[in-house]
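**Student:** Before I ask anything, let me first share the structure, which is written out below as structure tokens.
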Amino acid sequence: MSNKTANMTMTAAVPAGGDVADYIALLKPRVMSLVVFTAMAGLYLAPGTIHPVIAIVAVLCIAVGAGASGAINMWYDRDIDSVMARTAERPVPKGRVEPGAALGFGVALAAWSVMVMGIAVDWAAAALLAFTIAFYVFVYTMWLKRRTPQNIVIGGAAGAFPPMVGWAAVTGDISLSSIVLFAIIFMWTPPHFWALALYRKGDYEKAGVPMLPVVAGIRETKRQIVFYSVLLVPIGMAPTFIGMSSWVFGVVAGVLGMIFVGLSIAIYREQGDRYARHTFAFSILYLFLLFAALIADKAVGFTA
Amino acid sequence: MEMMVDQQEEQRARQKRRNRALLAVLIGMVALFYVITIVRMGFNE
């Protein structure tokens with residue numbers, strides 16, 4: 001080996017350290033946007049008052065906590081992320097950020113978000129945020145994801161907690177209404193992810209992740225998507241049933257739910273994956289519109 | 001050799017960008033804690 005080659009090898013071995021954009025990518029900004037939105041809805045819908053600055057701090061903590069979970073997830077899943085087309089470009093599998101740096105970044109942010117939430121906002125909300133991060137990292141990422149096709153059914157709870165955390169930031173507790181907000185996202189997660197898994201089946205197969213289409217087949221997954229989307233209709237309307245929102249919201253939620261069911265039936269009938277893609281895109285819009293409708297319902301004053 | 005120099009320069013540039021971002025975050029945190037303190041003190045009056 002010549003001197004020149006040795007130098008080059010050494011340089012390549014030195015961790016280059018990622019760019020700022022790589023660290024932002026570790027936070028999964030797209031997932032974070034939905035988390036922030038649903039958390040804001042929880043804050044707004046909760047009875048009582050909160051100082052606007054404290055509300056912003058609460059949302060910031062929830063966003064940072066969600067980002068921290070994403071970074072720790074990318075550290076743990078770097079082996080399977082490198083195999084799947086959807087995730088192969090992430091900073092850790094690409095080698096732009098060292099695995100240890102991603103873990104440290106995630107743990108530091110998680111600790112920061114929980115501490116600040118506790119000190120500045122409310123300790124019950126901080127405890128719930130800590131539980132959410134722990135659930136996503138330990139229960140979903142480390143335990144369920146690679147072991148059972150029910151991974152996203154149970155793991156989906158992690159994504160469903162943010163509105164409850166937002167709610168707790170105002171009230172300091174958990175109530176039936178905040179549990180309903182949780183239930184909506186919890187029930188929404190399986191059809192949302194399985195629609196994606198239908199057209200990314202090969203990816204999951206390659207990575208050895210036991211998603212439902214890989215383990216139980218396409219037909220069964222489609223059946224389950226219909227089942228969950230049907231259940232989602234009454235749960236989406238539940239805020240009206242418990243008196244949290246007006247009947248106007250109930251109608252909007254019902255219509256959105258029926259569109260979801262319609263699309264899932266179209267998935268069930270189709271041979272290709274066109275409607276699976278449509279449903280995945282619509283599911284994001286569904287959740288956004290449903291929470292926007294909840295906010296609008298209270299803002300307009302249909303409900304007290 | 002030239003490639004090595006390029007790589008080092010790129011690494012330094014990246015480090016500089018990271019440091020600047022960290023500075024911005026730290027200044028942001030100072031401002032954030034200042035505002036939180038003022039607000040919390042106001043609440044307790």
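Residue numbering restarts at 1 for every chain of the structure tokens, chains are lettered A, B, ... in their displayed order, and ligands are numbered from 1 as they appear.
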Where does chain B meet chain A within 6 Å, residue by residue, with the nearest atom pair and distance in Å to one decimal for each, counting only C-alpha atoms, listed by chain and rising number, as a Markdown table?

**Tutor:**
| residue | atom | partner | partner_atom | distance |
| --- | --- | --- | --- | --- |
| B:Gln11 | CA | A:Ala16 | CA | 5.8 |
| B:Arg14 | CA | A:Asp19 | CA | 5.4 |
| B:Arg18 | CA | A:Val20 | CA | 5.5 |

**Student:** Restricting it to N, CA and C atoms, dump the selection as an mmCIF file, in the first residue's frame.

**Tutor:**
data_model
loop_
_atom_site.group_PDB
_atom_site.id
_atom_site.type_symbol
_atom_site.label_atom_id
_atom_site.label_comp_id
_atom_site.auth_asym_id
_atom_site.auth_seq_id
_atom_site.Cartn_x
_atom_site.Cartn_y
_atom_site.Cartn_z
ATOM 1 N N GLN B 11 -15.397 18.504 4.727
ATOM 2 C CA GLN B 11 -15.681 18.157 6.133
ATOM 3 C C GLN B 11 -15.675 19.389 7.012
ATOM 4 N N ARG B 14 -18.744 21.429 6.446
ATOM 5 C CA ARG B 14 -19.903 20.814 7.100
ATOM 6 C C ARG B 14 -19.880 21.079 8.601
ATOM 7 N N ARG B 18 -22.609 22.975 10.921
ATOM 8 C CA ARG B 18 -23.185 22.366 12.136
ATOM 9 C C ARG B 18 -22.993 23.285 13.337
#

**Student:** Rounded to one decimal, what separation in Å do you get between CA of Ala24 (chain B) and CA of Ile24 (chain A)?

**Tutor:**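 Separation between CA of Ala24 (chain B) and CA of Ile24 (chain A): 14.1 Å.
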
**Student:** Which residue out of A:Val252, A:Ala127, A:Ile267, A:Leu287 has the minimum interatomic distance to Met187 (chain A) when only C-alpha atoms are used?

**Tutor:**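 Smallest distance to Met187 (chain A) is found for A:Leu287.
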
**Student:** Compile the contact shell of Ile218 (chain A) as a ChimeraX atom specification: residues with an atom at most 10 Å away, counting only C-alpha atoms, same-chain residues fewer than 5 positions apart removed.

**Tutor:** /A:194,197-199,201,212-213,223-224,268

**Student:** Could you save the residues just selected, with C-alpha atoms, as a PDB file, in the first residue's frame?

**Tutor:**
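Just written: again-v6.pdb:
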ATOM      1  CA  TRP A 194     -51.293  -1.352   5.465  1.00  0.00           C
ATOM      2  CA  ALA A 197     -47.430  -1.909   2.917  1.00  0.00           C
ATOM      3  CA  LEU A 198     -49.553  -3.283   0.062  1.00  0.00           C
ATOM      4  CA  TYR A 199     -47.457  -1.519  -2.554  1.00  0.00           C
ATOM      5  CA  LYS A 201     -44.570  -5.392   0.224  1.00  0.00           C
ATOM      6  CA  LEU A 212     -49.347  -8.008   7.364  1.00  0.00           C
ATOM      7  CA  PRO A 213     -49.127  -8.405   3.536  1.00  0.00           C
ATOM      8  CA  ARG A 223     -59.848  -7.505   4.351  1.00  0.00           C
ATOM      9  CA  GLN A 224     -58.252  -5.982   7.448  1.00  0.00           C
ATOM     10  CA  TYR A 268     -60.312  -4.933  -1.909  1.00  0.00           C
TER      11      TYR A 268
END

**Student:** Interatomic distance between CA of Asp22 (chain A) and CA of Pro91 (chain A)?

**Tutor:** 5.7 Å

**Student:** Provide the CA of Ala160 (chain A) to CA of Phe186 (chain A) distance in Å, to one decimal place.

**Tutor:**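 Computing the Euclidean distance for CA of Ala160 (chain A) and CA of Phe186 (chain A) yields 5.4 Å.
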
**Student:** Going by DSSP on the backbone, which bits of region 48-291 of chain A are alpha helix (DSSP H)? Write them as a PyMOL selection string, please.

**Tutor:** chain A and resi 52-76+78-81+99-116+123-134+151-160+162-171+176-199+201-207+212-215+218-241+247-269+274-291

**Student:** Pick the closest to Ile152 (chain A) from A:Leu27, A:Cys61, A:Leu45, A:Ile185: which is it, counting only C-alpha atoms?

**Tutor:**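 Of all the options, A:Ile185 lies closest to Ile152 (chain A).
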
**Student:** For Met32 (chain A), which residue out of A:Leu60, A:Leu109, A:Ala46, A:Ile80 is the nearest one, using only C-alpha atoms?

**Tutor:**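 So, comparing all the options, the nearest one is A:Leu60.
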
**Student:** Residues near Gly257 (chain A), anyone? I mean within 7 Å using only C-alpha atoms, not counting same-chain ones fewer than 4 positions away, as number ranges by chain.

**Tutor:** A: 232-233, 253, 261

**Student:** At a cut-off of 10 Å, using only C-alpha atoms, what residues contact Phe193 (chain A)? Leave out same-chain residues fewer than 2 positions from it and give the result as an MDAnalysis selection string.

**Tutor:** chainID A and resid 152:153 156 188:191 195:198 211:212 225 279:280 283

**Student:** Can you spit out the residues from that selection as a short mmCIF file (atom, residue, chain, number, x, y, z; two decimals), in the first residue's frame, using all heavy atoms?

**Tutor:**
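Result file is selection_36.cif:
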data_model
loop_
_atom_site.label_atom_id
_atom_site.label_comp_id
_atom_site.auth_asym_id
_atom_site.auth_seq_id
_atom_site.Cartn_x
_atom_site.Cartn_y
_atom_site.Cartn_z
N ILE A 152 -47.88 -2.51 13.80
CA ILE A 152 -48.39 -1.14 13.69
C ILE A 152 -49.75 -0.97 14.36
O ILE A 152 -50.16 0.16 14.62
CB ILE A 152 -48.44 -0.65 12.22
CG1 ILE A 152 -49.08 -1.70 11.34
CG2 ILE A 152 -47.07 -0.26 11.72
CD1 ILE A 152 -50.22 -1.19 10.60
N VAL A 153 -50.43 -2.07 14.65
CA VAL A 153 -51.71 -1.95 15.35
C VAL A 153 -51.44 -1.47 16.78
O VAL A 153 -51.99 -0.46 17.23
CB VAL A 153 -52.48 -3.30 15.38
CG1 VAL A 153 -53.77 -3.16 16.16
CG2 VAL A 153 -52.76 -3.78 13.96
N GLY A 156 -49.07 1.69 16.85
CA GLY A 156 -49.77 2.89 16.43
C GLY A 156 -50.16 3.79 17.59
O GLY A 156 -50.38 4.99 17.42
N TRP A 188 -56.99 4.71 13.01
CA TRP A 188 -56.61 5.17 11.67
C TRP A 188 -55.29 4.56 11.21
O TRP A 188 -55.07 4.34 10.02
CB TRP A 188 -56.52 6.71 11.72
CG TRP A 188 -55.81 7.36 10.59
CD1 TRP A 188 -56.36 7.78 9.40
CD2 TRP A 188 -54.41 7.72 10.52
NE1 TRP A 188 -55.40 8.37 8.62
CE2 TRP A 188 -54.20 8.35 9.29
CE3 TRP A 188 -53.33 7.58 11.40
CZ2 TRP A 188 -52.95 8.83 8.89
CZ3 TRP A 188 -52.09 8.04 11.00
CH2 TRP A 188 -51.90 8.66 9.77
N THR A 189 -54.40 4.28 12.18
CA THR A 189 -53.04 3.86 11.82
C THR A 189 -52.98 2.55 11.01
O THR A 189 -52.28 2.52 9.99
CB THR A 189 -52.16 3.74 13.09
OG1 THR A 189 -52.26 4.97 13.80
CG2 THR A 189 -50.71 3.48 12.75
N PRO A 190 -53.69 1.48 11.41
CA PRO A 190 -53.56 0.24 10.62
C PRO A 190 -53.95 0.39 9.14
O PRO A 190 -53.13 0.02 8.28
CB PRO A 190 -54.48 -0.75 11.37
CG PRO A 190 -54.50 -0.24 12.77
CD PRO A 190 -54.46 1.26 12.65
N PRO A 191 -55.14 0.92 8.81
CA PRO A 191 -55.41 1.03 7.36
C PRO A 191 -54.44 1.96 6.64
O PRO A 191 -54.11 1.74 5.47
CB PRO A 191 -56.85 1.56 7.29
CG PRO A 191 -57.16 2.11 8.62
CD PRO A 191 -56.30 1.37 9.60
N ALA A 195 -52.14 0.19 3.77
CA ALA A 195 -52.28 0.65 2.38
C ALA A 195 -50.89 0.85 1.78
O ALA A 195 -50.62 0.46 0.64
CB ALA A 195 -53.10 1.94 2.32
N LEU A 196 -49.99 1.43 2.58
CA LEU A 196 -48.60 1.62 2.13
C LEU A 196 -47.91 0.27 1.95
O LEU A 196 -47.22 0.03 0.95
CB LEU A 196 -47.85 2.47 3.16
CG LEU A 196 -46.33 2.60 2.98
CD1 LEU A 196 -46.00 3.62 1.91
CD2 LEU A 196 -45.65 2.99 4.28
N ALA A 197 -48.11 -0.61 2.94
CA ALA A 197 -47.43 -1.91 2.92
C ALA A 197 -47.85 -2.75 1.72
O ALA A 197 -47.07 -3.58 1.24
CB ALA A 197 -47.71 -2.66 4.22
N LEU A 198 -49.08 -2.51 1.22
CA LEU A 198 -49.55 -3.28 0.06
C LEU A 198 -48.66 -3.04 -1.15
O LEU A 198 -48.30 -3.97 -1.87
CB LEU A 198 -51.00 -2.90 -0.28
CG LEU A 198 -52.11 -3.58 0.51
CD1 LEU A 198 -53.46 -3.05 0.06
CD2 LEU A 198 -52.08 -5.10 0.34
N MET A 211 -44.65 -7.36 8.07
CA MET A 211 -45.87 -6.58 7.87
C MET A 211 -46.97 -7.53 7.40
O MET A 211 -46.69 -8.58 6.82
CB MET A 211 -45.64 -5.48 6.83
CG MET A 211 -44.77 -4.34 7.31
SD MET A 211 -45.45 -3.42 8.69
CE MET A 211 -46.44 -2.19 7.84
N LEU A 212 -48.21 -7.11 7.65
CA LEU A 212 -49.35 -8.01 7.36
C LEU A 212 -49.35 -8.60 5.94
O LEU A 212 -49.57 -9.81 5.79
CB LEU A 212 -50.66 -7.28 7.66
CG LEU A 212 -51.88 -8.17 7.82
CD1 LEU A 212 -51.72 -9.15 8.98
CD2 LEU A 212 -53.13 -7.33 8.03
N ILE A 225 -57.96 -3.99 6.07
CA ILE A 225 -58.07 -2.54 5.79
C ILE A 225 -59.55 -2.14 5.78
O ILE A 225 -59.94 -1.14 6.38
CB ILE A 225 -57.38 -2.19 4.44
CG1 ILE A 225 -55.86 -2.29 4.58
CG2 ILE A 225 -57.78 -0.77 3.98
CD1 ILE A 225 -55.09 -2.07 3.29
N THR A 279 -55.42 5.46 -1.31
CA THR A 279 -55.88 5.38 0.07
C THR A 279 -54.82 5.88 1.03
O THR A 279 -55.13 6.58 2.00
CB THR A 279 -56.27 3.92 0.44
OG1 THR A 279 -57.22 3.48 -0.53
CG2 THR A 279 -56.87 3.84 1.83
N PHE A 280 -53.57 5.54 0.76
CA PHE A 280 -52.49 6.01 1.63
C PHE A 280 -52.47 7.54 1.63
O PHE A 280 -52.41 8.18 2.69
CB PHE A 280 -51.14 5.46 1.18
CG PHE A 280 -50.00 5.95 2.04
CD1 PHE A 280 -49.83 5.47 3.33
CD2 PHE A 280 -49.10 6.90 1.57
CE1 PHE A 280 -48.80 5.93 4.14
CE2 PHE A 280 -48.07 7.37 2.37
CZ PHE A 280 -47.92 6.88 3.65
N SER A 283 -55.58 8.86 3.38
CA SER A 283 -55.60 8.67 4.84
C SER A 283 -54.94 9.85 5.56
O SER A 283 -55.40 10.26 6.62
CB SER A 283 -54.93 7.34 5.22
OG SER A 283 -53.56 7.38 4.90
#

**Student:** Tell me which protein, DNA and RNA residues are within 12 Å of Thr148 (chain A), counting only C-alpha atoms, leaving out same-chain ones fewer than 4 positions away, and put them as a CSV table (one decimal) with N, CA, C and O atoms, in the first residue's frame.

**Tutor:**
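Result file follows (selection.csv):
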chain,number,residue,atom,x,y,z
A,139,VAL,N,-41.4,-0.3,22.7
A,139,VAL,CA,-42.4,-1.2,22.4
A,139,VAL,C,-42.6,-1.4,20.9
A,139,VAL,O,-42.6,-2.6,20.4
A,140,TYR,N,-42.6,-0.3,20.1
A,140,TYR,CA,-42.8,-0.5,18.7
A,140,TYR,C,-41.5,-0.9,18.0
A,140,TYR,O,-41.4,-1.9,17.4
A,141,THR,N,-40.5,0.0,18.1
A,141,THR,CA,-39.2,-0.2,17.3
A,141,THR,C,-38.5,-1.4,17.7
A,141,THR,O,-38.1,-2.2,16.9
A,142,MET,N,-38.3,-1.6,19.0
A,142,MET,CA,-37.4,-2.7,19.4
A,142,MET,C,-38.1,-4.0,19.6
A,142,MET,O,-37.5,-5.1,19.4
A,143,TRP,N,-39.4,-3.9,20.0
A,143,TRP,CA,-40.0,-5.2,20.4
A,143,TRP,C,-41.0,-5.7,19.3
A,143,TRP,O,-40.8,-6.8,18.7
A,144,LEU,N,-41.9,-4.9,18.8
A,144,LEU,CA,-43.0,-5.4,18.0
A,144,LEU,C,-42.6,-5.4,16.5
A,144,LEU,O,-43.0,-6.3,15.8
A,152,ILE,N,-47.9,-2.5,13.8
A,152,ILE,CA,-48.4,-1.1,13.7
A,152,ILE,C,-49.7,-1.0,14.4
A,152,ILE,O,-50.2,0.2,14.6
A,153,VAL,N,-50.4,-2.1,14.7
A,153,VAL,CA,-51.7,-1.9,15.4
A,153,VAL,C,-51.4,-1.5,16.8
A,153,VAL,O,-52.0,-0.5,17.2
A,154,ILE,N,-50.5,-2.2,17.5
A,154,ILE,CA,-50.2,-1.8,18.9
A,154,ILE,C,-49.3,-0.6,18.9
A,154,ILE,O,-49.5,0.4,19.6
A,155,GLY,N,-48.3,-0.6,18.0
A,155,GLY,CA,-47.3,0.5,17.9
A,155,GLY,C,-47.9,1.8,17.5
A,155,GLY,O,-47.4,2.8,17.9
A,208,GLY,N,-37.2,-8.3,5.9
A,208,GLY,CA,-37.6,-9.2,7.0
A,208,GLY,C,-38.5,-8.6,8.0
A,208,GLY,O,-38.6,-9.1,9.1
A,209,VAL,N,-39.3,-7.6,7.6
A,209,VAL,CA,-40.2,-7.0,8.6
A,209,VAL,C,-41.6,-7.7,8.3
A,209,VAL,O,-42.1,-7.7,7.2
A,210,PRO,N,-42.1,-8.3,9.4
A,210,PRO,CA,-43.4,-9.1,9.2
A,210,PRO,C,-44.6,-8.2,9.1
A,210,PRO,O,-45.5,-8.4,9.9
A,211,MET,N,-44.6,-7.4,8.1
A,211,MET,CA,-45.9,-6.6,7.9
A,211,MET,C,-47.0,-7.5,7.4
A,211,MET,O,-46.7,-8.6,6.8
A,212,LEU,N,-48.2,-7.1,7.6
A,212,LEU,CA,-49.3,-8.0,7.4
A,212,LEU,C,-49.3,-8.6,5.9
A,212,LEU,O,-49.6,-9.8,5.8
A,213,PRO,N,-49.1,-7.8,4.9
A,213,PRO,CA,-49.1,-8.4,3.5
A,213,PRO,C,-48.1,-9.5,3.4
A,213,PRO,O,-48.3,-10.4,2.6
A,214,VAL,N,-46.9,-9.3,4.1
A,214,VAL,CA,-45.8,-10.3,3.9
A,214,VAL,C,-46.2,-11.6,4.6
A,214,VAL,O,-46.0,-12.7,4.1
A,215,VAL,N,-46.8,-11.5,5.8
A,215,VAL,CA,-47.1,-12.7,6.6
A,215,VAL,C,-48.5,-13.3,6.3
A,215,VAL,O,-48.6,-14.5,6.2
A,216,ALA,N,-49.5,-12.5,6.1
A,216,ALA,CA,-50.8,-13.0,5.9
A,216,ALA,C,-51.3,-12.9,4.5
A,216,ALA,O,-52.4,-13.5,4.2
